[in-house]
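Novice: Take this structure first; my questions come after.
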Amino acid sequence: MGALHEGHADLIRTARQEAGRSGHVVVSIYVNPTQFNDAADFEAYPNTREADIRMADSAGADAVVFPRAEELYPGGIPERVDPVDYGGVTALWEAAHRPGHFDGVVAVVRALFDQVEPDRAYFGEKDWQQLAVVSELVRREFPDLIIVPVPTRREADGLAMSSRNARLNEAERKGAPMLSAALAALAEATDTMTEAQRQWDRLEEAGWSVEYLAVVDAVTLKPDPEFGRECRVIGAAQIGGVRLIDNVAVPI
């Protein structure tokens, strides 16, 4: 959605490397209104078009496209797009806190896939639930398309790179790595329920408003995953009115 950073550049570099000289790497940038359940959040989303083009070019993109709303929504931007039900991945966590969010994600990604007809599409692991939703969309509707997950790029202090980080003031930015630290601690814990509550309390005491903090099945995103399944620690919290999300893998 623009305001590109090194995490986005990693997606483009990975695509460039895998595409080789004969393949074409296309970057689409579109701030999608149908995936915002908060109009103020949509209005505040950063717009850095020229810088985005320069970064995409330097990372190896062949083309940067800025779709127009009428191209993605020929009938006009709907007040609400068709609801999507992929089970837990579209009902829990982000979906519960941002009603309609993944309906908008699926609508715009489906439209982009239909128009570009890619062989591979690259998504960052930082938005783990979005990655799960898009993977399910592809499984159901685009069987020949390969989704390639790209690891989260972090700042030196552990904060996951995000376009939203630019909205943090100096004090908030200094405290922002607390979220990733909480997730890392929970990922290493043996008593996850106790540790989750401890980290929740620690964040709240530091001025955060925590929305969720949990160990989940990496595929279904259901809590209390079965033994032997790949797991992920996910979390979302607000600091200074800026909402941050993150996730880390649970060591096997």
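Residue numbers start at 1 in each chain; chains themselves are named A, B, ... in the order of the structure tokens; ligands are numbered from 1 in the order shown.
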Name the residues in contact with His5 (chain A) at a cut-off of 9 Å, using only C-alpha atoms, excluding same-chain residues fewer than 4 positions from it; report them as a list in words.
Specialist: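 Non-adjacent residues within range: Ala9, Asp10, Asp52, Met55, Met161, Ser162 and Ser163 of chain A.
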Novice: Could you take the residues named above and write them with N, CA and C atoms, as a PDB file, in the first residue's frame?
Specialist:
ATOM      1  N   ALA A   9      11.325  -3.767   0.065  1.00  0.00           N
ATOM      2  CA  ALA A   9      12.437  -3.970  -0.857  1.00  0.00           C
ATOM      3  C   ALA A   9      12.891  -5.429  -0.854  1.00  0.00           C
ATOM      4  N   ASP A  10      12.822  -6.084   0.307  1.00  0.00           N
ATOM      5  CA  ASP A  10      13.170  -7.510   0.376  1.00  0.00           C
ATOM      6  C   ASP A  10      12.246  -8.340  -0.508  1.00  0.00           C
ATOM      7  N   ASP A  52       8.588   5.820  -3.394  1.00  0.00           N
ATOM      8  CA  ASP A  52       8.251   4.418  -3.616  1.00  0.00           C
ATOM      9  C   ASP A  52       8.766   3.937  -4.970  1.00  0.00           C
ATOM     10  N   MET A  55      12.558   3.453  -4.739  1.00  0.00           N
ATOM     11  CA  MET A  55      12.946   2.257  -3.992  1.00  0.00           C
ATOM     12  C   MET A  55      12.648   0.990  -4.783  1.00  0.00           C
ATOM     13  N   MET A 161       9.650  -3.684  10.672  1.00  0.00           N
ATOM     14  CA  MET A 161       9.481  -2.541   9.785  1.00  0.00           C
ATOM     15  C   MET A 161       8.032  -2.468   9.311  1.00  0.00           C
ATOM     16  N   SER A 162       7.482  -1.256   9.347  1.00  0.00           N
ATOM     17  CA  SER A 162       6.098  -1.029   8.945  1.00  0.00           C
ATOM     18  C   SER A 162       5.952   0.419   8.503  1.00  0.00           C
ATOM     19  N   SER A 163       5.076   0.644   7.539  1.00  0.00           N
ATOM     20  CA  SER A 163       4.796   2.018   7.111  1.00  0.00           C
ATOM     21  C   SER A 163       4.236   2.845   8.254  1.00  0.00           C
TER      22      SER A 163
END
Novice: Residues near Val89 (chain A), anyone? I mean within 7 Å using only C-alpha atoms, not counting same-chain ones fewer than 6 positions away, as a compact mmCIF listing (two decimals) with N, CA and C atoms, in the first residue's frame.
Specialist:
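Result written to result.txt:
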# COMPACT_ATOMS: atom_id res chain seq x y z
N GLN A 129 -1.40 -13.08 9.33
CA GLN A 129 -2.78 -13.47 9.05
C GLN A 129 -3.18 -13.10 7.64
N ALA A 132 -1.92 -15.75 5.47
CA ALA A 132 -2.78 -16.94 5.54
C ALA A 132 -4.05 -16.76 4.71
N VAL A 133 -4.62 -15.57 4.75
CA VAL A 133 -5.85 -15.30 3.99
C VAL A 133 -5.57 -15.35 2.49
N THR A 220 -4.01 -22.44 10.67
CA THR A 220 -5.42 -22.15 10.92
C THR A 220 -5.63 -20.91 11.77
N LEU A 221 -4.59 -20.48 12.48
CA LEU A 221 -4.61 -19.37 13.42
C LEU A 221 -5.51 -19.62 14.63
Novice: Given only C-alpha atoms as the basis, pick out the residue of A:Glu94, A:Glu6, A:Glu50, A:Asp85 nearest to Val106 (chain A).
Specialist: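 For Val106 (chain A), the nearest of the given residues is A:Asp85.
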Novice: Find the residues near Tyr45 (chain A): any atom within 8 Å, counting only C-alpha atoms, skip ones fewer than 2 places away on the same chain, and give them as a list in words.
Specialist: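 Near neighbours after the sequence-gap exclusion: Val31, Asp41, Phe42, Glu43, Asn47 and Arg164 of chain A.
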Novice: Next, write the just-selected residues to a file, as a tab-separated table (two decimals), in the first residue's frame, keeping C-alpha atoms as the atom set.
Specialist:
chain	number	residue	atom	x	y	z
A	31	VAL	CA	-4.11	2.18	-0.66
A	41	ASP	CA	-6.77	5.50	9.60
A	42	PHE	CA	-7.31	5.51	5.84
A	43	GLU	CA	-6.90	9.30	5.62
A	47	ASN	CA	1.60	8.66	0.55
A	164	ARG	CA	2.97	2.91	10.33
Novice: What lies within 9 Å of region 207-211 of chain A using only C-alpha atoms, ignoring chain neighbours under 2 positions off, as a ChimeraX atom specification?
Specialist: /A:93,97,200-205,213,235-241
Novice: Go ahead and save the picked residues with C-alpha atoms, as a JSON list (two decimals), in the first residue's frame.
Specialist:
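What landed in result_22.json:
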[["chain", "number", "residue", "atom", "x", "y", "z"],
["A", 93, "TRP", "CA", -7.67, -11.85, 15.69],
["A", 97, "HIS", "CA", -10.74, -6.30, 15.74],
["A", 200, "TRP", "CA", 0.15, -8.28, 28.43],
["A", 201, "ASP", "CA", 0.39, -6.60, 31.85],
["A", 202, "ARG", "CA", 3.90, -5.36, 31.10],
["A", 203, "LEU", "CA", 2.79, -3.69, 27.88],
["A", 204, "GLU", "CA", -0.30, -2.13, 29.46],
["A", 205, "GLU", "CA", 1.79, -0.74, 32.34],
["A", 213, "LEU", "CA", -1.35, -11.66, 22.34],
["A", 235, "GLY", "CA", 0.13, -9.76, 18.73],
["A", 236, "ALA", "CA", -1.47, -6.37, 18.10],
["A", 237, "ALA", "CA", -1.34, -3.30, 20.31],
["A", 238, "GLN", "CA", -1.57, 0.47, 20.09],
["A", 239, "ILE", "CA", 0.94, 2.96, 21.37],
["A", 240, "GLY", "CA", 0.19, 6.66, 21.07],
["A", 241, "GLY", "CA", -2.79, 5.86, 18.84]]
Novice: According to DSSP computed on the backbone, where in region 149-198 of chain A is there strand (DSSP E or B)? Give the residues as a PyMOL selection string.
Specialist: chain A and resi 149-150+154+160
Novice: To one decimal in Å, tell me the separation between CA of Arg243 (chain A) and CA of Leu179 (chain A).
Specialist: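 Separating CA of Arg243 (chain A) from CA of Leu179 (chain A) is a distance of 11.0 Å.
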Novice: When DSSP works through the backbone of this structure, what residues of region 81-220 of chain A end up as helix (DSSP H, G or I), shown as a PyMOL selection string?
Specialist: chain A and resi 87-90+94-97+101-116+128-141+163-167+170-175+178-188+192-205
Novice: Okay, now the selection with C-alpha atoms, as a short mmCIF file (atom, residue, chain, number, x, y, z; two decimals), in the first residue's frame?
Specialist:
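Below is the file that was written, again.cif:
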data_model
loop_
_atom_site.label_atom_id
_atom_site.label_comp_id
_atom_site.auth_asym_id
_atom_site.auth_seq_id
_atom_site.Cartn_x
_atom_site.Cartn_y
_atom_site.Cartn_z
CA GLY A 87 -12.86 -20.17 8.76
CA GLY A 88 -10.57 -18.99 11.54
CA VAL A 89 -8.23 -17.02 9.29
CA THR A 90 -11.05 -14.61 8.40
CA GLU A 94 -7.30 -9.10 13.06
CA ALA A 95 -10.69 -10.00 11.62
CA ALA A 96 -12.37 -9.67 15.01
CA HIS A 97 -10.74 -6.30 15.74
CA HIS A 101 -10.77 -5.84 6.80
CA PHE A 102 -10.06 -9.18 5.12
CA ASP A 103 -13.13 -8.86 2.90
CA GLY A 104 -11.39 -5.80 1.43
CA VAL A 105 -8.02 -7.53 1.24
CA VAL A 106 -9.47 -10.47 -0.70
CA ALA A 107 -11.41 -8.18 -3.05
CA VAL A 108 -8.41 -6.10 -4.05
CA VAL A 109 -5.89 -8.97 -4.21
CA ARG A 110 -8.27 -11.02 -6.34
CA ALA A 111 -8.66 -8.07 -8.73
CA LEU A 112 -4.89 -7.56 -8.95
CA PHE A 113 -4.25 -11.25 -9.59
CA ASP A 114 -6.91 -11.26 -12.32
CA GLN A 115 -5.31 -8.25 -14.03
CA VAL A 116 -1.60 -9.07 -13.67
CA TRP A 128 1.00 -13.30 9.07
CA GLN A 129 -2.78 -13.47 9.05
CA GLN A 130 -2.98 -11.60 5.76
CA LEU A 131 -0.51 -14.12 4.33
CA ALA A 132 -2.78 -16.94 5.54
CA VAL A 133 -5.85 -15.30 3.99
CA VAL A 134 -4.16 -14.69 0.64
CA SER A 135 -2.80 -18.25 0.63
CA GLU A 136 -6.34 -19.58 1.12
CA LEU A 137 -7.66 -17.31 -1.65
CA VAL A 138 -5.03 -18.70 -3.99
CA ARG A 139 -5.73 -22.30 -2.97
CA ARG A 140 -9.41 -21.83 -3.83
CA GLU A 141 -9.30 -19.59 -6.90
CA SER A 163 4.80 2.02 7.11
CA ARG A 164 2.97 2.91 10.33
CA ASN A 165 6.24 3.33 12.22
CA ALA A 166 6.64 6.76 10.62
CA ARG A 167 3.65 7.95 12.68
CA GLU A 170 10.37 9.93 19.38
CA ALA A 171 9.25 8.53 22.74
CA GLU A 172 6.82 6.07 21.14
CA ARG A 173 9.45 4.89 18.68
CA LYS A 174 11.87 4.26 21.55
CA GLY A 175 9.31 2.09 23.33
CA MET A 178 8.51 -3.78 23.53
CA LEU A 179 5.92 -5.53 21.34
CA SER A 180 8.42 -7.72 19.50
CA ALA A 181 10.21 -8.43 22.79
CA ALA A 182 6.93 -9.58 24.35
CA LEU A 183 6.27 -11.92 21.45
CA ALA A 184 9.79 -13.34 21.59
CA ALA A 185 9.45 -14.01 25.33
CA LEU A 186 6.14 -15.77 24.81
CA ALA A 187 7.59 -17.88 21.99
CA GLU A 188 10.27 -19.21 24.38
CA THR A 192 2.37 -19.83 27.69
CA MET A 193 -0.80 -18.78 29.53
CA THR A 194 1.14 -17.31 32.44
CA GLU A 195 3.71 -15.68 30.18
CA ALA A 196 1.06 -14.20 27.90
CA GLN A 197 -0.63 -12.54 30.87
CA ARG A 198 2.71 -11.30 32.19
CA GLN A 199 3.65 -9.73 28.86
CA TRP A 200 0.15 -8.28 28.43
CA ASP A 201 0.39 -6.60 31.85
CA ARG A 202 3.90 -5.36 31.10
CA LEU A 203 2.79 -3.69 27.88
CA GLU A 204 -0.30 -2.13 29.46
CA GLU A 205 1.79 -0.74 32.34
#
Novice: For Ala51 (chain A), work out the shell of residues within 10 Å, counting only C-alpha atoms and skipping chain neighbours fewer than 6 positions away, then give it as number ranges by chain.
Specialist: A: 2-5, 57
Novice: Take the residues from that selection and write them out as an mmCIF file, in the first residue's frame, keeping N, CA and C atoms.
Specialist:
data_model
loop_
_atom_site.group_PDB
_atom_site.id
_atom_site.type_symbol
_atom_site.label_atom_id
_atom_site.label_comp_id
_atom_site.auth_asym_id
_atom_site.auth_seq_id
_atom_site.Cartn_x
_atom_site.Cartn_y
_atom_site.Cartn_z
ATOM 1 N N GLY A 2 2.093 1.143 -0.396
ATOM 2 C CA GLY A 2 2.959 2.306 -0.475
ATOM 3 C C GLY A 2 3.729 2.569 0.793
ATOM 4 N N ALA A 3 4.377 3.770 0.849
ATOM 5 C CA ALA A 3 5.298 4.108 1.939
ATOM 6 C C ALA A 3 6.300 2.967 2.093
ATOM 7 N N LEU A 4 6.927 2.603 0.984
ATOM 8 C CA LEU A 4 7.804 1.439 0.959
ATOM 9 C C LEU A 4 9.009 1.619 1.880
ATOM 10 N N HIS A 5 9.427 0.493 2.476
ATOM 11 C CA HIS A 5 10.612 0.463 3.330
ATOM 12 C C HIS A 5 11.429 -0.772 2.956
ATOM 13 N N ASP A 57 12.474 0.635 -7.994
ATOM 14 C CA ASP A 57 13.416 0.558 -9.113
ATOM 15 C C ASP A 57 14.780 0.066 -8.647
#
